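Novice: Quick one: the structure is below, questions incoming.
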Amino acid sequence: MKIPNGYEVIQLFESFSPKYLAEEGDPIGLQVGTLSKKISKVHVALDVTEEVVDEAITNGADMILAHHPLIFRPLKKIDFSHPHGRVIEKLIKHDITLYAAHTNLDVAEGGVNDMLAAALGLQELTLLSPTYREGLKKLAVYVPKEAEEKVREALARAGAGNLGHYSHCSFSAEGIGRFKPDEQANPHIGTEGELEMVEEVKVEVVVPGPLASKAVRAMLTAHPYEEVAYDLYTLDNQGVKELGLGRVGVLPETVTLGEFAEQVKKAFEVSTVRVTGDLTAAIKKVAVLGGTGDKFVRTAQFKGADVFVTGDIYYHTAVDFKQEGMNIIDPGHNVEKIMKKGVASKMTELCEQAGFEVEWIPSVIDTDPFQVV
């Protein structure tokens, strides 16, 4: 087992929660410290408070991976006498790297919203609000016959040629390649100054846009030629993968709104929830969105949800939608704390597969600023 550096850890994390899924302007990524050092312990937190940092220090963490960024806006000063400044001071003095994964972790497959839907027992999941649809590129490369299989396999391992439930999809066409090496060339085939004609195969694969660079690198590594002829271009047709905020699903059986409110409290480990609607109303189809969902109530209604589970519902929003018969359950923004155990479990599994020796520690500090009295 290997103790990785921060870049290797984050590369593994972003294999399922990539940065490009984040909303524009979301301050995700490295916030304090460096990724160039070795990482053997990662503290997973919802919020970065002074208590959470103290907890990470006690546990000997090298990094904190947080859902809510500590630095949301450009800093004008770092005052160590202010709570915000003290957090940054402690991170620096104890050499703890801070990395934030916010809306990219919300949107990701297996991310916060999938964790919330799973906790509620929702089935037949669809997206509440799509935010990303994967673009496709076509990679075409000219390969000598004897290297065709090696190049095709390298492309497949890099994620090229996946179409729906099928992998290793490619097309090959035979032809003649021509080239003349100059005096500075070191050709795999051919002689300096002489026109060479070689039987070659044109291999074409479709590759998701985010994986295009990886596929090209894999192809170049496997290809025997010193200079490789290939084409990479964007396709108008889009990929099948669509991701977004929130999830919509159905319960195994119909329950009343009152009964479902109790299920929500148990699933998210909260003592109270705010509910609008008739507690005897039948609930089967559920929309859920982590964090602040006030702007998505109409979307949940349009999707045909019997109830919308989300945090931070404004008073007037609740009044308006109650009159329209839309049921809402607000368990608070803090239910996103589900990501602490979820991310720790996911990353423990990924690190074991990669041969990385990293301990992932979910924070046990409750950072919910509200208390019921």
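To be explicit about the labels: the chains of the structure tokens are called A, B, and onward in the order shown, and within each one the residues are counted from 1, while ligands get numbers from 1 in the order they are shown.
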Mind checking which residues fall within 9 Å of A:Glu148, counting only C-alpha atoms, ignoring those fewer than 3 positions away in the same chain, and posting them as a PDB file with C-alpha atoms, in the first residue's frame?

Specialist:
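Full text of out17.pdb as output:
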ATOM      1  CA  TYR A 142      -4.333   5.811 -38.177  1.00  0.00           C
ATOM      2  CA  VAL A 143      -2.481   2.713 -36.952  1.00  0.00           C
ATOM      3  CA  PRO A 144      -0.283   0.074 -38.627  1.00  0.00           C
ATOM      4  CA  LYS A 145      -2.170  -3.226 -38.780  1.00  0.00           C
ATOM      5  CA  VAL A 151      -4.296   0.803 -29.552  1.00  0.00           C
ATOM      6  CA  ARG A 152      -7.968  -0.195 -29.411  1.00  0.00           C
ATOM      7  CA  GLU A 153      -7.467  -1.810 -25.995  1.00  0.00           C
ATOM      8  CA  SER A 172     -11.979   0.112 -38.277  1.00  0.00           C
ATOM      9  CA  GLU A 200      -2.812   0.989 -41.980  1.00  0.00           C
ATOM     10  CA  VAL A 201      -6.125   0.849 -40.156  1.00  0.00           C
ATOM     11  CA  LYS A 202      -8.230   3.876 -39.284  1.00  0.00           C
ATOM     12  CA  VAL A 203      -9.686   3.266 -35.802  1.00  0.00           C
ATOM     13  CA  HIS A 223       0.929   3.819 -30.708  1.00  0.00           C
TER      14      HIS A 223
END

Novice: Enumerate, in order of chain and increasing residue number, the residues of stretch 291-321 of chain A with an atom no farther than 12 Å from stretch 127-137 of chain A, each with its shortest atom pair and distance in Å to one decimal, counting only C-alpha atoms, as CSV.

Specialist:
residue,atom,partner,partner_atom,distance
A:Gly293,CA,A:Leu128,CA,10.8
A:Lys295,CA,A:Ser129,CA,10.9
A:Phe296,CA,A:Ser129,CA,8.1
A:Val297,CA,A:Leu128,CA,10.1
A:Arg298,CA,A:Leu128,CA,10.6
A:Thr299,CA,A:Leu128,CA,7.1
A:Ala300,CA,A:Leu128,CA,6.7
A:Gln301,CA,A:Leu128,CA,10.1
A:Phe302,CA,A:Leu128,CA,9.6
A:Lys303,CA,A:Leu128,CA,7.4
A:Gly304,CA,A:Leu128,CA,10.5
A:Ala305,CA,A:Leu128,CA,9.8
A:Phe308,CA,A:Leu128,CA,10.4
A:Val309,CA,A:Leu128,CA,11.7
A:Thr310,CA,A:Leu128,CA,11.9

Novice: Provide the atom CA of A:Ile57 to atom CA of A:Val32 distance in Å, to one decimal place.

Specialist: 14.9 Å

Novice: Could you tell me how far atom CA of A:Glu262 sits from atom CA of A:Lys285, in Å to one decimal place?

Specialist: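 One can read the atom CA of A:Lys285 to atom CA of A:Glu262 distance as 16.2 Å.
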
Novice: As an exercise, work out the distance from atom CA of A:Gly29 to atom CA of A:Ala100 in Å and give it to one decimal place.

Specialist: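 Taking atom CA of A:Gly29 and atom CA of A:Ala100, their separation equals 5.1 Å.
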
Novice: When DSSP works through the backbone of this structure, what residues of stretch 125-355 of chain A end up as strand (DSSP E or B), shown as number ranges by chain?

Specialist: A: 125-144, 163, 166, 171-179, 196-208, 230-256, 274-276, 282-292, 307-311, 327-330

Novice: May I ask which of the residues A:Glu253, A:Thr367, A:His165, A:Ala140 is the closest one to A:Asn334, counting only C-alpha atoms?

Specialist: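 Distance minimum relative to A:Asn334 lands on A:Thr367.
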
Novice: Which residues of stretch 87-151 of chain A sit at most 12 Å from stretch 15-18 of chain A, using only C-alpha atoms? Give each one's shortest atom pair and distance in Å (one decimal place), in chain and ascending residue order, as JSON lines.

Specialist:
{"residue": "A:Ala100", "atom": "CA", "partner": "A:Ser17", "partner_atom": "CA", "distance": 11.3}
{"residue": "A:Ala101", "atom": "CA", "partner": "A:Ser17", "partner_atom": "CA", "distance": 8.0}
{"residue": "A:His102", "atom": "CA", "partner": "A:Ser17", "partner_atom": "CA", "distance": 9.6}
{"residue": "A:Thr103", "atom": "CA", "partner": "A:Ser17", "partner_atom": "CA", "distance": 9.4}
{"residue": "A:Asn104", "atom": "CA", "partner": "A:Ser17", "partner_atom": "CA", "distance": 5.8}
{"residue": "A:Leu105", "atom": "CA", "partner": "A:Ser17", "partner_atom": "CA", "distance": 5.5}
{"residue": "A:Asp106", "atom": "CA", "partner": "A:Ser17", "partner_atom": "CA", "distance": 8.7}
{"residue": "A:Val107", "atom": "CA", "partner": "A:Ser17", "partner_atom": "CA", "distance": 8.0}
{"residue": "A:Ala108", "atom": "CA", "partner": "A:Ser17", "partner_atom": "CA", "distance": 5.3}
{"residue": "A:Glu109", "atom": "CA", "partner": "A:Phe16", "partner_atom": "CA", "distance": 6.9}
{"residue": "A:Gly110", "atom": "CA", "partner": "A:Phe16", "partner_atom": "CA", "distance": 7.8}
{"residue": "A:Gly111", "atom": "CA", "partner": "A:Ser17", "partner_atom": "CA", "distance": 7.4}
{"residue": "A:Val112", "atom": "CA", "partner": "A:Ser17", "partner_atom": "CA", "distance": 10.4}
{"residue": "A:Tyr132", "atom": "CA", "partner": "A:Pro18", "partner_atom": "CA", "distance": 11.9}

Novice: Run DSSP on the backbone and tell me which residues of stretch 51-208 of chain A come out as alpha helix (DSSP H); list them as number ranges by chain.

Specialist: A: 51-58, 83-93, 103-107, 112-119, 148-157

Novice: Any chance you could export the current selection's N, CA and C atoms as a short mmCIF file (atom, residue, chain, number, x, y, z; two decimals), in the first residue's frame?

Specialist:
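Done, and the output landed in out_5.cif:
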data_model
loop_
_atom_site.label_atom_id
_atom_site.label_comp_id
_atom_site.auth_asym_id
_atom_site.auth_seq_id
_atom_site.Cartn_x
_atom_site.Cartn_y
_atom_site.Cartn_z
N GLU A 51 -14.28 24.37 15.70
CA GLU A 51 -14.41 23.09 16.40
C GLU A 51 -14.05 21.91 15.49
N VAL A 52 -14.44 22.02 14.23
CA VAL A 52 -14.11 20.96 13.26
C VAL A 52 -12.61 20.89 13.03
N VAL A 53 -11.96 22.05 12.92
CA VAL A 53 -10.51 22.06 12.73
C VAL A 53 -9.80 21.49 13.96
N ASP A 54 -10.28 21.84 15.17
CA ASP A 54 -9.70 21.27 16.39
C ASP A 54 -9.84 19.75 16.39
N GLU A 55 -10.99 19.27 15.94
CA GLU A 55 -11.22 17.83 15.85
C GLU A 55 -10.23 17.19 14.87
N ALA A 56 -10.01 17.83 13.73
CA ALA A 56 -9.06 17.32 12.74
C ALA A 56 -7.64 17.30 13.30
N ILE A 57 -7.29 18.33 14.05
CA ILE A 57 -5.96 18.38 14.68
C ILE A 57 -5.79 17.23 15.65
N THR A 58 -6.81 17.00 16.48
CA THR A 58 -6.76 15.90 17.45
C THR A 58 -6.61 14.56 16.76
N PRO A 83 -13.06 34.69 14.37
CA PRO A 83 -13.23 33.23 14.23
C PRO A 83 -12.81 32.70 12.86
N HIS A 84 -13.16 33.42 11.81
CA HIS A 84 -12.81 32.97 10.45
C HIS A 84 -11.29 32.95 10.29
N GLY A 85 -10.64 34.00 10.80
CA GLY A 85 -9.18 34.07 10.71
C GLY A 85 -8.50 33.00 11.54
N ARG A 86 -9.07 32.70 12.71
CA ARG A 86 -8.47 31.67 13.57
C ARG A 86 -8.52 30.30 12.90
N VAL A 87 -9.60 30.03 12.16
CA VAL A 87 -9.70 28.76 11.44
C VAL A 87 -8.56 28.63 10.44
N ILE A 88 -8.33 29.70 9.67
CA ILE A 88 -7.26 29.67 8.67
C ILE A 88 -5.91 29.57 9.36
N GLU A 89 -5.73 30.29 10.46
CA GLU A 89 -4.47 30.24 11.21
C GLU A 89 -4.17 28.82 11.68
N LYS A 90 -5.17 28.14 12.23
CA LYS A 90 -4.95 26.78 12.72
C LYS A 90 -4.65 25.81 11.59
N LEU A 91 -5.34 25.98 10.46
CA LEU A 91 -5.07 25.12 9.31
C LEU A 91 -3.62 25.25 8.87
N ILE A 92 -3.14 26.49 8.80
CA ILE A 92 -1.77 26.73 8.34
C ILE A 92 -0.75 26.24 9.37
N LYS A 93 -0.95 26.58 10.65
CA LYS A 93 0.01 26.21 11.68
C LYS A 93 0.12 24.70 11.85
N THR A 103 -21.08 22.12 -5.10
CA THR A 103 -22.14 21.70 -6.02
C THR A 103 -21.72 20.55 -6.93
N ASN A 104 -20.43 20.37 -7.14
CA ASN A 104 -20.01 19.19 -7.91
C ASN A 104 -20.34 17.91 -7.15
N LEU A 105 -20.24 17.94 -5.82
CA LEU A 105 -20.60 16.77 -5.02
C LEU A 105 -22.12 16.61 -4.93
N ASP A 106 -22.86 17.72 -5.02
CA ASP A 106 -24.32 17.64 -5.07
C ASP A 106 -24.79 16.92 -6.33
N VAL A 107 -24.18 17.29 -7.46
CA VAL A 107 -24.62 16.81 -8.76
C VAL A 107 -24.14 15.39 -9.06
N VAL A 112 -24.25 13.85 -2.90
CA VAL A 112 -25.14 14.22 -1.78
C VAL A 112 -26.59 13.89 -2.07
N ASN A 113 -27.09 14.26 -3.25
CA ASN A 113 -28.51 14.05 -3.53
C ASN A 113 -28.87 12.58 -3.68
N ASP A 114 -27.95 11.80 -4.22
CA ASP A 114 -28.19 10.35 -4.26
C ASP A 114 -28.16 9.75 -2.87
N MET A 115 -27.28 10.27 -2.00
CA MET A 115 -27.23 9.79 -0.61
C MET A 115 -28.54 10.09 0.10
N LEU A 116 -29.08 11.29 -0.10
CA LEU A 116 -30.35 11.66 0.54
C LEU A 116 -31.49 10.79 0.02
N ALA A 117 -31.53 10.56 -1.29
CA ALA A 117 -32.59 9.74 -1.88
C ALA A 117 -32.51 8.31 -1.36
N ALA A 118 -31.30 7.79 -1.23
CA ALA A 118 -31.12 6.42 -0.71
C ALA A 118 -31.57 6.33 0.74
N ALA A 119 -31.27 7.36 1.53
CA ALA A 119 -31.67 7.35 2.94
C ALA A 119 -33.19 7.33 3.09
N GLU A 148 -3.01 -2.40 -34.22
CA GLU A 148 -4.42 -2.01 -34.08
C GLU A 148 -5.03 -2.46 -32.76
N GLU A 149 -4.88 -3.73 -32.44
CA GLU A 149 -5.50 -4.27 -31.23
C GLU A 149 -4.97 -3.60 -29.98
N LYS A 150 -3.65 -3.35 -29.93
CA LYS A 150 -3.04 -2.71 -28.77
C LYS A 150 -3.61 -1.31 -28.57
N VAL A 151 -3.77 -0.56 -29.65
CA VAL A 151 -4.30 0.80 -29.55
C VAL A 151 -5.76 0.79 -29.16
N ARG A 152 -6.54 -0.11 -29.76
CA ARG A 152 -7.97 -0.19 -29.41
C ARG A 152 -8.16 -0.53 -27.94
N GLU A 153 -7.36 -1.44 -27.40
CA GLU A 153 -7.47 -1.81 -25.99
C GLU A 153 -7.09 -0.64 -25.09
N ALA A 154 -6.06 0.10 -25.48
CA ALA A 154 -5.65 1.26 -24.69
C ALA A 154 -6.76 2.30 -24.65
N LEU A 155 -7.41 2.52 -25.78
CA LEU A 155 -8.52 3.47 -25.83
C LEU A 155 -9.68 3.01 -24.95
N ALA A 156 -9.98 1.72 -24.97
CA ALA A 156 -11.08 1.19 -24.16
C ALA A 156 -10.80 1.36 -22.68
N ARG A 157 -9.56 1.09 -22.28
CA ARG A 157 -9.19 1.24 -20.86
C ARG A 157 -9.28 2.70 -20.42
#
